[in-house]
>>> print(open('query20.cif').read())   # mmCIF, C-alpha atoms
data_final
loop_
_atom_site.group_PDB
_atom_site.id
_atom_site.type_symbol
_atom_site.label_atom_id
_atom_site.label_comp_id
_atom_site.auth_asym_id
_atom_site.auth_seq_id
_atom_site.Cartn_x
_atom_site.Cartn_y
_atom_site.Cartn_z
ATOM 1 C CA MET R 1 -71.421 10.825 70.072
ATOM 2 C CA ARG R 2 -68.150 12.547 69.450
ATOM 3 C CA PRO R 3 -64.439 11.753 69.802
ATOM 4 C CA HIS R 4 -62.824 12.314 73.191
ATOM 5 C CA GLY R 5 -59.917 14.388 71.966
ATOM 6 C CA VAL R 6 -57.287 14.677 69.278
ATOM 7 C CA LEU R 7 -54.999 11.653 69.614
ATOM 8 C CA GLU R 8 -52.587 12.449 66.753
ATOM 9 C CA THR R 9 -51.523 15.833 65.417
ATOM 10 C CA SER R 10 -49.339 15.861 62.296
ATOM 11 C CA LEU R 11 -46.622 18.144 61.026
ATOM 12 C CA TYR R 12 -44.611 17.583 57.865
ATOM 13 C CA VAL R 13 -40.849 17.947 57.841
ATOM 14 C CA SER R 14 -38.080 17.576 55.286
ATOM 15 C CA ASP R 15 -35.302 16.197 57.525
ATOM 16 C CA LEU R 16 -36.722 13.748 60.055
ATOM 17 C CA ASP R 17 -33.634 13.419 62.256
ATOM 18 C CA ARG R 18 -33.270 17.186 62.503
ATOM 19 C CA ALA R 19 -36.943 17.593 63.384
ATOM 20 C CA VAL R 20 -36.962 14.864 66.035
ATOM 21 C CA ALA R 21 -33.836 16.337 67.620
ATOM 22 C CA PHE R 22 -35.507 19.764 67.755
ATOM 23 C CA TYR R 23 -38.676 18.506 69.414
ATOM 24 C CA GLU R 24 -36.737 16.401 71.903
ATOM 25 C CA ARG R 25 -34.207 19.085 72.789
ATOM 26 C CA VAL R 26 -36.323 22.235 72.736
ATOM 27 C CA LEU R 27 -39.731 20.934 73.791
ATOM 28 C CA GLY R 28 -38.674 17.907 75.810
ATOM 29 C CA LEU R 29 -40.923 15.514 73.897
ATOM 30 C CA ARG R 30 -40.287 11.776 74.036
ATOM 31 C CA MET R 31 -40.209 9.551 70.966
ATOM 32 C CA ILE R 32 -42.559 6.605 71.410
ATOM 33 C CA SER R 33 -42.571 3.185 69.817
ATOM 34 C CA PRO R 34 -43.019 1.988 67.242
ATOM 35 C CA GLY R 35 -40.642 4.541 65.864
ATOM 36 C CA PRO R 36 -39.139 5.973 63.919
ATOM 37 C CA PHE R 37 -41.412 4.424 61.329
ATOM 38 C CA PRO R 38 -39.941 2.176 58.611
ATOM 39 C CA GLY R 39 -38.781 3.693 55.351
ATOM 40 C CA GLY R 40 -38.133 7.145 56.752
ATOM 41 C CA ARG R 41 -41.883 7.723 56.883
ATOM 42 C CA GLY R 42 -41.919 9.643 60.160
ATOM 43 C CA ALA R 43 -41.820 9.409 63.922
ATOM 44 C CA ALA R 44 -44.148 9.824 66.888
ATOM 45 C CA LEU R 45 -43.574 11.821 70.059
ATOM 46 C CA GLN R 46 -45.770 11.929 73.145
ATOM 47 C CA VAL R 47 -46.759 15.387 74.380
ATOM 48 C CA GLY R 48 -47.241 15.498 78.139
ATOM 49 C CA ASN R 49 -48.411 12.445 80.058
ATOM 50 C CA GLY R 50 -51.778 11.999 78.393
ATOM 51 C CA PRO R 51 -53.049 10.617 75.065
ATOM 52 C CA SER R 52 -51.550 13.379 72.912
ATOM 53 C CA VAL R 53 -49.161 12.408 70.123
ATOM 54 C CA LEU R 54 -47.254 14.615 67.691
ATOM 55 C CA LEU R 55 -46.506 12.877 64.403
ATOM 56 C CA LEU R 56 -43.645 14.155 62.266
ATOM 57 C CA PHE R 57 -44.057 12.939 58.703
ATOM 58 C CA VAL R 58 -41.942 13.172 55.567
ATOM 59 C CA ALA R 59 -44.535 14.073 52.946
ATOM 60 C CA GLU R 60 -42.594 12.675 50.011
ATOM 61 C CA VAL R 61 -42.934 9.260 51.681
ATOM 62 C CA THR R 62 -46.475 9.522 53.079
ATOM 63 C CA LYS R 63 -47.845 10.670 49.709
ATOM 64 C CA ARG R 64 -46.799 7.378 48.116
ATOM 65 C CA PRO R 65 -49.264 4.483 47.914
ATOM 66 C CA SER R 66 -48.999 2.174 50.935
ATOM 67 C CA GLU R 67 -51.192 0.039 53.165
ATOM 68 C CA LEU R 68 -52.405 3.232 54.854
ATOM 69 C CA PRO R 69 -54.272 6.140 53.233
ATOM 70 C CA SER R 70 -51.928 8.652 51.670
ATOM 71 C CA HIS R 71 -51.504 12.195 52.950
ATOM 72 C CA GLY R 72 -48.860 14.901 52.991
ATOM 73 C CA THR R 73 -48.672 18.680 52.829
ATOM 74 C CA THR R 74 -46.265 21.369 51.781
ATOM 75 C CA GLY R 75 -46.010 24.731 53.496
ATOM 76 C CA GLU R 76 -45.996 25.839 57.103
ATOM 77 C CA GLY R 77 -48.317 24.068 59.535
ATOM 78 C CA HIS R 78 -49.393 25.235 62.976
ATOM 79 C CA VAL R 79 -49.556 23.487 66.333
ATOM 80 C CA ALA R 80 -50.131 25.000 69.780
ATOM 81 C CA PHE R 81 -48.800 23.221 72.856
ATOM 82 C CA ARG R 82 -50.488 23.659 76.214
ATOM 83 C CA ILE R 83 -48.531 25.215 79.051
ATOM 84 C CA GLU R 84 -49.504 26.725 82.396
ATOM 85 C CA PRO R 85 -49.359 30.497 82.965
ATOM 86 C CA TRP R 86 -46.581 30.256 85.574
ATOM 87 C CA GLU R 87 -44.340 28.370 83.149
ATOM 88 C CA ILE R 88 -44.051 31.227 80.639
ATOM 89 C CA PRO R 89 -40.823 32.766 82.038
ATOM 90 C CA ALA R 90 -39.131 29.360 82.099
ATOM 91 C CA TRP R 91 -40.140 28.704 78.470
ATOM 92 C CA ARG R 92 -38.733 32.058 77.372
ATOM 93 C CA ALA R 93 -35.457 31.093 79.054
ATOM 94 C CA ARG R 94 -35.474 27.617 77.518
ATOM 95 C CA LEU R 95 -36.000 28.953 73.991
ATOM 96 C CA ARG R 96 -33.209 31.488 74.491
ATOM 97 C CA GLU R 97 -30.843 28.777 75.778
ATOM 98 C CA CYS R 98 -31.676 26.632 72.749
ATOM 99 C CA GLY R 99 -31.047 29.485 70.335
ATOM 100 C CA VAL R 100 -34.659 29.496 69.160
ATOM 101 C CA GLU R 101 -35.932 32.929 68.216
ATOM 102 C CA ILE R 102 -39.295 34.035 69.611
ATOM 103 C CA GLU R 103 -41.099 35.389 66.554
ATOM 104 C CA LYS R 104 -43.998 36.917 68.452
ATOM 105 C CA GLU R 105 -45.706 37.148 71.807
ATOM 106 C CA PHE R 106 -49.422 37.801 71.572
ATOM 107 C CA GLY R 107 -52.004 37.936 74.355
ATOM 108 C CA PHE R 108 -55.508 36.825 73.490
ATOM 109 C CA GLY R 109 -57.899 38.951 75.535
ATOM 110 C CA LYS R 110 -56.791 39.064 79.162
ATOM 111 C CA ASN R 111 -54.765 35.871 78.903
ATOM 112 C CA PRO R 112 -51.022 35.691 79.406
ATOM 113 C CA PRO R 113 -49.236 35.848 76.051
ATOM 114 C CA SER R 114 -48.850 32.986 73.643
ATOM 115 C CA ILE R 115 -45.231 32.495 72.578
ATOM 116 C CA TYR R 116 -44.671 31.847 68.869
ATOM 117 C CA PHE R 117 -41.578 30.351 67.285
ATOM 118 C CA ARG R 118 -40.627 28.135 64.320
ATOM 119 C CA ASP R 119 -39.365 24.589 64.004
ATOM 120 C CA PRO R 120 -36.527 23.870 61.531
ATOM 121 C CA ASP R 121 -39.118 23.474 58.711
ATOM 122 C CA ARG R 122 -40.725 26.799 59.614
ATOM 123 C CA ASN R 123 -43.864 25.257 61.043
ATOM 124 C CA THR R 124 -45.433 27.844 63.376
ATOM 125 C CA LEU R 125 -45.375 26.596 66.964
ATOM 126 C CA GLU R 126 -47.165 28.246 69.847
ATOM 127 C CA LEU R 127 -46.951 27.780 73.591
ATOM 128 C CA ALA R 128 -50.373 28.737 74.928
ATOM 129 C CA VAL R 129 -52.575 28.530 77.992
ATOM 130 C CA LYS R 130 -55.879 26.712 77.622
ATOM 131 C CA THR R 131 -57.921 29.695 78.828
ATOM 132 C CA ILE R 132 -57.500 31.383 75.436
ATOM 133 C CA TRP R 133 -60.410 29.134 74.416
ATOM 134 C CA ASP R 134 -63.923 29.032 75.807
ATOM 135 C CA LEU R 135 -63.785 25.317 76.541
ATOM 136 C CA SER R 136 -66.600 23.366 78.097
ATOM 137 C CA ALA R 137 -65.771 21.835 81.477
ATOM 138 C CA GLU R 138 -63.778 18.650 81.695
ATOM 139 C CA MET I 139 -39.963 20.838 81.348
ATOM 140 C CA ARG I 140 -42.294 19.980 78.529
ATOM 141 C CA PRO I 141 -45.772 20.997 77.360
ATOM 142 C CA HIS I 142 -48.760 19.198 78.867
ATOM 143 C CA GLY I 143 -50.421 18.271 75.596
ATOM 144 C CA VAL I 144 -51.350 19.539 72.167
ATOM 145 C CA LEU I 145 -53.850 22.350 72.641
ATOM 146 C CA GLU I 146 -54.449 23.225 68.977
ATOM 147 C CA THR I 147 -54.292 20.947 65.940
ATOM 148 C CA SER I 148 -54.648 22.591 62.525
ATOM 149 C CA LEU I 149 -56.095 21.465 59.226
ATOM 150 C CA TYR I 150 -56.368 23.633 56.122
ATOM 151 C CA VAL I 151 -59.552 23.787 54.108
ATOM 152 C CA SER I 152 -60.767 25.590 51.004
ATOM 153 C CA ASP I 153 -64.426 26.166 51.945
ATOM 154 C CA LEU I 154 -64.720 27.029 55.636
ATOM 155 C CA ASP I 155 -68.511 26.724 55.936
ATOM 156 C CA ARG I 156 -68.480 23.334 54.268
ATOM 157 C CA ALA I 157 -65.690 22.107 56.526
ATOM 158 C CA VAL I 158 -67.303 23.349 59.749
ATOM 159 C CA ALA I 159 -70.593 21.720 58.760
ATOM 160 C CA PHE I 160 -68.790 18.422 58.135
ATOM 161 C CA TYR I 161 -67.007 18.389 61.492
ATOM 162 C CA GLU I 162 -70.167 19.402 63.359
ATOM 163 C CA ARG I 163 -72.456 16.942 61.605
ATOM 164 C CA VAL I 164 -70.204 13.908 61.179
ATOM 165 C CA LEU I 165 -67.926 14.168 64.211
ATOM 166 C CA GLY I 166 -70.210 16.095 66.567
ATOM 167 C CA LEU I 167 -67.623 18.789 67.287
ATOM 168 C CA ARG I 168 -68.716 22.104 68.758
ATOM 169 C CA MET I 169 -67.565 25.458 67.388
ATOM 170 C CA ILE I 170 -66.121 27.569 70.197
ATOM 171 C CA SER I 171 -65.742 31.290 70.534
ATOM 172 C CA PRO I 172 -64.262 33.421 69.334
ATOM 173 C CA GLY I 173 -65.315 32.067 66.011
ATOM 174 C CA PRO I 174 -65.497 31.897 63.165
ATOM 175 C CA PHE I 175 -62.445 34.135 63.030
ATOM 176 C CA PRO I 176 -62.653 37.537 61.296
ATOM 177 C CA GLY I 177 -61.889 37.797 57.601
ATOM 178 C CA GLY I 178 -62.710 34.189 56.794
ATOM 179 C CA ARG I 179 -59.463 33.146 58.454
ATOM 180 C CA GLY I 180 -60.795 29.984 60.074
ATOM 181 C CA ALA I 181 -62.747 28.519 62.954
ATOM 182 C CA ALA I 182 -62.129 26.536 66.138
ATOM 183 C CA LEU I 183 -63.926 23.433 67.350
ATOM 184 C CA GLN I 184 -63.527 21.691 70.681
ATOM 185 C CA VAL I 185 -62.846 17.949 70.552
ATOM 186 C CA GLY I 186 -64.236 16.111 73.560
ATOM 187 C CA ASN I 187 -64.553 17.818 76.920
ATOM 188 C CA GLY I 188 -60.887 18.539 77.512
ATOM 189 C CA PRO I 189 -58.345 21.083 76.253
ATOM 190 C CA SER I 190 -58.246 19.779 72.683
ATOM 191 C CA VAL I 191 -59.062 22.190 69.865
ATOM 192 C CA LEU I 192 -59.245 21.549 66.127
ATOM 193 C CA LEU I 193 -58.505 24.652 64.057
ATOM 194 C CA LEU I 194 -59.767 24.827 60.497
ATOM 195 C CA PHE I 195 -57.826 27.444 58.558
ATOM 196 C CA VAL I 196 -58.091 28.898 55.078
ATOM 197 C CA ALA I 197 -54.466 28.940 53.963
ATOM 198 C CA GLU I 198 -54.871 31.725 51.452
ATOM 199 C CA VAL I 199 -55.832 33.975 54.384
ATOM 200 C CA THR I 200 -53.425 32.663 57.051
ATOM 201 C CA LYS I 201 -50.445 32.984 54.680
ATOM 202 C CA ARG I 202 -51.002 36.740 54.433
ATOM 203 C CA PRO I 203 -49.118 39.079 56.785
ATOM 204 C CA SER I 204 -51.112 39.824 59.931
ATOM 205 C CA GLU I 205 -50.549 40.469 63.628
ATOM 206 C CA LEU I 206 -49.929 36.723 64.074
ATOM 207 C CA PRO I 207 -47.172 34.627 62.475
ATOM 208 C CA SER I 208 -48.120 33.387 59.022
ATOM 209 C CA HIS I 209 -48.675 29.733 58.200
ATOM 210 C CA GLY I 210 -50.654 27.626 55.738
ATOM 211 C CA THR I 211 -50.274 24.381 53.838
ATOM 212 C CA THR I 212 -51.504 22.753 50.678
ATOM 213 C CA GLY I 213 -52.145 19.049 50.338
ATOM 214 C CA GLU I 214 -53.769 16.477 52.544
ATOM 215 C CA GLY I 215 -53.181 16.665 56.301
ATOM 216 C CA HIS I 216 -53.779 13.967 58.876
ATOM 217 C CA VAL I 217 -55.494 14.002 62.269
ATOM 218 C CA ALA I 218 -56.496 11.055 64.462
ATOM 219 C CA PHE I 219 -59.361 11.431 66.907
ATOM 220 C CA ARG I 220 -59.480 9.343 70.057
ATOM 221 C CA ILE I 221 -62.361 6.937 70.548
ATOM 222 C CA GLU I 222 -62.961 3.984 72.844
ATOM 223 C CA PRO I 223 -62.901 0.396 71.533
ATOM 224 C CA TRP I 224 -66.578 -0.238 72.238
ATOM 225 C CA GLU I 225 -67.579 2.819 70.177
ATOM 226 C CA ILE I 226 -66.252 1.459 66.879
ATOM 227 C CA PRO I 227 -69.536 -0.123 65.656
ATOM 228 C CA ALA I 228 -71.456 3.066 66.398
ATOM 229 C CA TRP I 229 -68.899 5.132 64.455
ATOM 230 C CA ARG I 230 -69.164 2.832 61.450
ATOM 231 C CA ALA I 231 -72.924 3.356 61.552
ATOM 232 C CA ARG I 232 -72.584 7.123 61.951
ATOM 233 C CA LEU I 233 -70.265 7.428 58.971
ATOM 234 C CA ARG I 234 -72.595 5.334 56.858
ATOM 235 C CA GLU I 235 -75.608 7.444 57.890
ATOM 236 C CA CYS I 236 -73.681 10.589 56.978
ATOM 237 C CA GLY I 237 -72.690 9.211 53.580
ATOM 238 C CA VAL I 238 -68.996 9.276 54.444
ATOM 239 C CA GLU I 239 -67.025 6.489 52.823
ATOM 240 C CA ILE I 240 -64.658 4.462 55.023
ATOM 241 C CA GLU I 241 -61.442 4.394 52.995
ATOM 242 C CA LYS I 242 -59.673 1.849 55.161
ATOM 243 C CA GLU I 243 -59.781 -0.061 58.417
ATOM 244 C CA PHE I 244 -56.391 -0.997 59.764
ATOM 245 C CA GLY I 245 -55.507 -2.682 63.049
ATOM 246 C CA PHE I 246 -52.177 -1.768 64.594
ATOM 247 C CA GLY I 247 -50.837 -4.869 66.333
ATOM 248 C CA LYS I 248 -53.548 -6.415 68.483
ATOM 249 C CA ASN I 249 -55.578 -3.225 68.730
ATOM 250 C CA PRO I 250 -59.077 -2.830 67.355
ATOM 251 C CA PRO I 251 -58.975 -1.243 63.894
ATOM 252 C CA SER I 252 -58.487 2.413 63.172
ATOM 253 C CA ILE I 253 -61.157 3.776 60.840
ATOM 254 C CA TYR I 254 -59.904 6.081 58.069
ATOM 255 C CA PHE I 255 -61.994 8.494 56.026
ATOM 256 C CA ARG I 256 -61.646 11.880 54.320
ATOM 257 C CA ASP I 257 -63.005 15.316 55.049
ATOM 258 C CA PRO I 258 -64.356 17.417 52.137
ATOM 259 C CA ASP I 259 -60.803 18.717 51.459
ATOM 260 C CA ARG I 260 -59.439 15.155 51.435
ATOM 261 C CA ASN I 261 -57.608 15.496 54.724
ATOM 262 C CA THR I 262 -57.072 11.965 56.081
ATOM 263 C CA LEU I 263 -59.026 11.490 59.306
ATOM 264 C CA GLU I 264 -58.678 8.510 61.623
ATOM 265 C CA LEU I 265 -60.743 7.282 64.531
ATOM 266 C CA ALA I 266 -58.320 5.415 66.780
ATOM 267 C CA VAL I 267 -57.939 3.970 70.243
ATOM 268 C CA LYS I 268 -55.130 5.323 72.390
ATOM 269 C CA THR I 269 -53.579 1.886 72.968
ATOM 270 C CA ILE I 270 -52.091 1.960 69.457
ATOM 271 C CA TRP I 271 -49.356 4.050 71.118
ATOM 272 C CA ASP I 272 -47.013 3.074 73.920
ATOM 273 C CA LEU I 273 -47.965 6.074 76.044
ATOM 274 C CA SER I 274 -46.526 6.775 79.463
ATOM 275 C CA ALA I 275 -49.076 6.684 82.283
ATOM 276 C CA GLU I 276 -51.341 9.665 82.878
#
>>> encode(input="query20.cif", output="structure tokens")
Amino acid sequence: MRPHGVLETSLYVSDLDRAVAFYERVLGLRMISPGPFPGGRGAALQVGNGPSVLLLFVAEVTKRPSELPSHGTTGEGHVAFRIEPWEIPAWRARLRECGVEIEKEFGFGKNPPSIYFRDPDRNTLELAVKTIWDLSAE
Amino acid sequence: MRPHGVLETSLYVSDLDRAVAFYERVLGLRMISPGPFPGGRGAALQVGNGPSVLLLFVAEVTKRPSELPSHGTTGEGHVAFRIEPWEIPAWRARLRECGVEIEKEFGFGKNPPSIYFRDPDRNTLELAVKTIWDLSAE
């Protein structure tokens, strides 16, 4: 018995509106209800068309006692988003159009390069193809 | 244009061996190559049978300059793993057998409850059904 995938991935941000705008505008993510969460706690965005949700949280709120277990980090997190190899040129163009600096391109083995850049809170984001990992068959 | 899903979700841990053992034993995840990463940097585990990877990183290593962009957090992160509604009783039993305390059960709306517990670094883990989110169709 094991889970079927990661449903929610979290990043922590200081300015929620700024972060949501970045992920909507640059990455084309879609905010999903219920959201944004009450009390400035955070917001949820769907990634792709499957059960994959990016949560943006404000740590100073999520660290406080509430009806849900507390959490919250400081520092720079890391998330990789899955793209297809043929989409890489279009993503380079999109980032350039959005004024987002590509910090690094790095190819793992014989794979096409991962593209690294930062969100407004300096979380390290990566656009990557799934073949960088030795995944078991779906 | 948008990514097709989250490929890599990161949590930060202090003792890599302890963390890997926890995720293998309690959650049944499978370490995938290449891993563990050189220099005690971290390790990767596949979640389910799809392109969903949990990265466990040691922040004191990932914060150092290297050929990849630096990152690393302190504090308690949050990840939710996707399960099916009918698996909830078996997960309660598994956690009990593994000596992992359930910190909270919380039902969002009319959904079956999410099960919350902690990893050895006190990251907040959740076992949740995908219907807690208003996801667009796959």
>>> atom_distance(input="query20.cif", atom1="CA of Glu105 in chain R", atom2="CA of Leu145 in chain I")
16.9 Å
>>> interface_residues(input="query20.cif", of="chain R", to="chain I", cutoff="7 Å", atoms="all atoms listed in the file", output="JSON, numbers by chain")
{"R": [1, 2, 3, 4, 5, 6, 7, 8, 9, 10, 27, 28, 29, 32, 33, 46, 47, 48, 49, 50, 51, 52, 71, 72, 73, 74, 75, 76, 77, 78, 79, 80, 81, 82, 83, 124, 130, 133, 134, 135, 136, 137, 138]}
>>> residues_around(input="query20.cif", residues="Pro258 in chain I", least_positions_apart="6", cutoff="8 Å", atoms="only C-alpha atoms", output="list in words")
Arg156, Ala157 and Phe160 of chain I
>>> atom_distance(input="query20.cif", atom1="CA of Asp121 in chain R", atom2="CA of Ile102 in chain R")
15.2 Å
>>> axis_aligned_box(input="query20.cif", around="range 250-258 of chain I", padding_each_side="8 Å", output="JSON")
{"center_x": -61.4, "center_y": 7.3, "center_z": 59.7, "size_x": 21.9, "size_y": 36.2, "size_z": 31.2}
>>> atom_distance(input="query20.cif", atom1="CA of Gly237 in chain I", atom2="CA of Val196 in chain I")
24.6 Å
>>> closest_residue(input="query20.cif", among="R:Glu60, R:Ile115, R:Phe108, R:Asp15", to="Ala93 in chain R", atoms="all atoms listed in the file")
R:Ile115
>>> closest_residue(input="query20.cif", among="I:Pro176, I:Pro203, I:Pro251, I:Asp257", to="Val238 in chain I", atoms="only C-alpha atoms")
I:Asp257
>>> residues_near_point(input="query20.cif", point="(-61.4, 33.7, 58.7)", cutoff="9 Å", atoms="all atoms listed in the file", output="mmCIF file with C-alpha atoms, in the coordinates of the input")
data_model
loop_
_atom_site.group_PDB
_atom_site.id
_atom_site.type_symbol
_atom_site.label_atom_id
_atom_site.label_comp_id
_atom_site.auth_asym_id
_atom_site.auth_seq_id
_atom_site.Cartn_x
_atom_site.Cartn_y
_atom_site.Cartn_z
ATOM 1 C CA LEU I 154 -64.720 27.029 55.636
ATOM 2 C CA GLY I 173 -65.315 32.067 66.011
ATOM 3 C CA PRO I 174 -65.497 31.897 63.165
ATOM 4 C CA PHE I 175 -62.445 34.135 63.030
ATOM 5 C CA PRO I 176 -62.653 37.537 61.296
ATOM 6 C CA GLY I 177 -61.889 37.797 57.601
ATOM 7 C CA GLY I 178 -62.710 34.189 56.794
ATOM 8 C CA ARG I 179 -59.463 33.146 58.454
ATOM 9 C CA GLY I 180 -60.795 29.984 60.074
ATOM 10 C CA ALA I 181 -62.747 28.519 62.954
ATOM 11 C CA PHE I 195 -57.826 27.444 58.558
ATOM 12 C CA VAL I 196 -58.091 28.898 55.078
ATOM 13 C CA VAL I 199 -55.832 33.975 54.384
ATOM 14 C CA THR I 200 -53.425 32.663 57.051
#
